[in-house]
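Note sheet for the following structure.
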Amino acid sequence: MDKFETLTGVAAPLPLINVDTDMIIPKQFLKTIKRSGLGVNLFDEMRYDDDGNEIPDFVLNKPAYRDAQILVSGDNFGCGSSREHAPWALLDFGIRAVIAPSYADIFYNNCFKNGILPIVLPQDQVDALMRDAEKGENARITVDLENQTVSGADGTTYSFEVDAFKKHCLLNGLDDIGLTLEKAEAIRGFESQMADSRPWV
């Protein structure tokens, strides 16, 4: 998993509440167990018409936001079914951070496990960043995980809270496998000890 330290990028405004995981990645795309390839179907039903053509008015289809790395959205982001494909699709598109007033718990935790930083800010601060994002690609937002700050295009800085363990994992690029491998020496020592004391096992 890639480390997350500081990110400066275009933020796409998605001023919707209750964006559920089926909106993020519809159920027909859940057949794969690969983490790659889902970005093209991110927000599929909002991005494309019935013939598969892009809907020009959807934010991620606009030229200014095609390379967005940050998403600013509304309350209760990631609600609905607990599909890990939702953060996979966001990450594969290029989204590394989401800013919203609140998240569904399972989606929130899945983001950290997949290298995405979900930032919780008060509604008025999200509104200010949403206005920034609506200015297009010239209005870039900076996220600093170490210092737990988000800076808007005008230099206004907002502080956010994040669990210390989750922060450690993102800063060091540690998913569940990476966390286990941090204990590799202790695991090998235990296995060696068990092999000596219980060779019949």
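Convention: chains lettered A, B, ... in structure tokens order; per-chain residue numbering from 1; ligands numbered from 1 as shown.
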
List the spatial neighbours of Met130 (chain A) as an mmCIF file with N, CA, C and O atoms, in the first residue's frame - criterion: any atom at most 10 Å away, only C-alpha atoms, same-chain residues fewer than 2 positions off excluded.
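Output file out_35.cif follows:
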data_model
loop_
_atom_site.group_PDB
_atom_site.id
_atom_site.type_symbol
_atom_site.label_atom_id
_atom_site.label_comp_id
_atom_site.auth_asym_id
_atom_site.auth_seq_id
_atom_site.Cartn_x
_atom_site.Cartn_y
_atom_site.Cartn_z
ATOM 1 N N ALA A 11 -9.545 18.988 -6.207
ATOM 2 C CA ALA A 11 -10.651 18.408 -5.443
ATOM 3 C C ALA A 11 -11.937 18.511 -6.259
ATOM 4 O O ALA A 11 -12.275 19.580 -6.774
ATOM 5 N N ALA A 12 -12.633 17.403 -6.387
ATOM 6 C CA ALA A 12 -13.896 17.385 -7.126
ATOM 7 C C ALA A 12 -15.059 17.572 -6.156
ATOM 8 O O ALA A 12 -15.135 16.884 -5.137
ATOM 9 N N PRO A 13 -15.963 18.508 -6.446
ATOM 10 C CA PRO A 13 -17.117 18.718 -5.571
ATOM 11 C C PRO A 13 -18.257 17.757 -5.912
ATOM 12 O O PRO A 13 -18.664 17.651 -7.071
ATOM 13 N N LEU A 14 -18.741 17.056 -4.907
ATOM 14 C CA LEU A 14 -19.902 16.169 -5.076
ATOM 15 C C LEU A 14 -20.889 16.493 -3.956
ATOM 16 O O LEU A 14 -20.938 15.808 -2.941
ATOM 17 N N PRO A 15 -21.672 17.567 -4.114
ATOM 18 C CA PRO A 15 -22.525 18.060 -3.025
ATOM 19 C C PRO A 15 -23.807 17.245 -2.846
ATOM 20 O O PRO A 15 -24.919 17.725 -3.024
ATOM 21 N N LEU A 71 -11.955 14.219 -3.087
ATOM 22 C CA LEU A 71 -13.396 14.341 -3.297
ATOM 23 C C LEU A 71 -13.999 15.036 -2.092
ATOM 24 O O LEU A 71 -13.731 14.646 -0.950
ATOM 25 N N VAL A 72 -14.780 16.080 -2.328
ATOM 26 C CA VAL A 72 -15.476 16.786 -1.251
ATOM 27 C C VAL A 72 -16.959 16.482 -1.401
ATOM 28 O O VAL A 72 -17.558 16.743 -2.449
ATOM 29 N N SER A 73 -17.554 15.906 -0.356
ATOM 30 C CA SER A 73 -18.946 15.467 -0.493
ATOM 31 C C SER A 73 -19.737 15.736 0.778
ATOM 32 O O SER A 73 -19.257 16.384 1.709
ATOM 33 N N GLY A 74 -20.973 15.217 0.797
ATOM 34 C CA GLY A 74 -21.897 15.511 1.879
ATOM 35 C C GLY A 74 -21.922 14.468 2.979
ATOM 36 O O GLY A 74 -21.151 13.500 2.986
ATOM 37 N N ILE A 99 -13.331 14.208 1.737
ATOM 38 C CA ILE A 99 -13.652 15.152 2.809
ATOM 39 C C ILE A 99 -15.164 15.245 2.920
ATOM 40 O O ILE A 99 -15.848 15.522 1.929
ATOM 41 N N ALA A 100 -15.695 14.967 4.096
ATOM 42 C CA ALA A 100 -17.147 14.977 4.311
ATOM 43 C C ALA A 100 -17.431 15.190 5.801
ATOM 44 O O ALA A 100 -16.542 14.987 6.643
ATOM 45 N N ASP A 124 -19.695 23.512 8.040
ATOM 46 C CA ASP A 124 -19.327 24.821 7.498
ATOM 47 C C ASP A 124 -17.961 24.803 6.823
ATOM 48 O O ASP A 124 -17.741 25.482 5.807
ATOM 49 N N GLN A 125 -17.038 23.984 7.348
ATOM 50 C CA GLN A 125 -15.719 23.881 6.735
ATOM 51 C C GLN A 125 -15.779 23.068 5.436
ATOM 52 O O GLN A 125 -15.105 23.400 4.448
ATOM 53 N N VAL A 126 -16.603 22.023 5.425
ATOM 54 C CA VAL A 126 -16.817 21.263 4.187
ATOM 55 C C VAL A 126 -17.429 22.175 3.123
ATOM 56 O O VAL A 126 -17.028 22.143 1.954
ATOM 57 N N ASP A 127 -18.380 23.003 3.537
ATOM 58 C CA ASP A 127 -19.005 23.940 2.590
ATOM 59 C C ASP A 127 -17.978 24.888 1.981
ATOM 60 O O ASP A 127 -18.007 25.171 0.779
ATOM 61 N N ALA A 128 -17.051 25.367 2.805
ATOM 62 C CA ALA A 128 -16.016 26.278 2.307
ATOM 63 C C ALA A 128 -15.101 25.572 1.314
ATOM 64 O O ALA A 128 -14.752 26.126 0.258
ATOM 65 N N ASP A 132 -14.406 26.066 -2.769
ATOM 66 C CA ASP A 132 -13.066 26.045 -3.358
ATOM 67 C C ASP A 132 -13.010 25.074 -4.528
ATOM 68 O O ASP A 132 -12.507 25.395 -5.604
ATOM 69 N N ALA A 133 -13.520 23.858 -4.290
ATOM 70 C CA ALA A 133 -13.461 22.810 -5.302
ATOM 71 C C ALA A 133 -14.231 23.196 -6.565
ATOM 72 O O ALA A 133 -13.860 22.818 -7.672
ATOM 73 N N GLU A 134 -15.294 23.953 -6.380
ATOM 74 C CA GLU A 134 -16.121 24.352 -7.519
ATOM 75 C C GLU A 134 -15.410 25.337 -8.445
ATOM 76 O O GLU A 134 -15.875 25.599 -9.554
ATOM 77 N N LYS A 135 -14.261 25.855 -8.015
ATOM 78 C CA LYS A 135 -13.495 26.786 -8.854
ATOM 79 C C LYS A 135 -12.726 26.065 -9.953
ATOM 80 O O LYS A 135 -12.171 26.708 -10.836
ATOM 81 N N GLY A 152 -7.181 25.132 2.040
ATOM 82 C CA GLY A 152 -7.902 25.488 0.831
ATOM 83 C C GLY A 152 -7.045 26.311 -0.111
ATOM 84 O O GLY A 152 -5.906 26.679 0.204
#

inquiry  = Excluding Asn18 (chain A) and its own-chain neighbours fewer than 6 positions away, which residues fall within 8 Å of it when counting only C-alpha atoms? Please give them as a list in words.
reply    =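 With the cut-off at 8 Å, the set is Gly74, Asp75, Asn76, Phe77, Gly78 and Cys79 of chain A.
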
message = Could you check the closest approach to Thr32 (chain A) for each of A:Trp200, A:Trp88, A:Phe93, A:Tyr65 and tell me which residue wins, using only C-alpha atoms?
response =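 Among the listed residues, the smallest separation from Thr32 (chain A) belongs to A:Trp88.
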
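Proximity of A:Val59, A:Val10, A:Leu171, A:Ile70 to Leu91 (chain A), computed with only C-alpha atoms, is greatest for A:Ile70.
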
Determine, for each residue of region 118-154 of chain A having at least one atom at most 12 Å from an atom of region 108-112 of chain A, the closest pair of atoms and their separation in Å to one decimal, counting only C-alpha atoms; order by chain and ascending number, as a Markdown table.
| residue | atom | partner | partner_atom | distance |
| --- | --- | --- | --- | --- |
| A:Pro118 | CA | A:Tyr108 | CA | 6.4 |
| A:Ile119 | CA | A:Tyr108 | CA | 9.2 |
| A:Val120 | CA | A:Tyr108 | CA | 10.0 |

request  = as a ChimeraX atom specification, list the residues of region 108-185 of chain A assigned to strand (DSSP E or B) by DSSP on the backbone atoms of this structure.
outcome  = /A:117-120,140-144,149-151,157-159

message = Give me, as a ChimeraX atom specification, the residues of region 10-180 of chain A that a backbone DSSP run labels helix (DSSP H, G or I).
response = /A:21-24,27-29,39-41,44-47,59-61,63-65,85-93,105-113,123-133,164-171,176-180
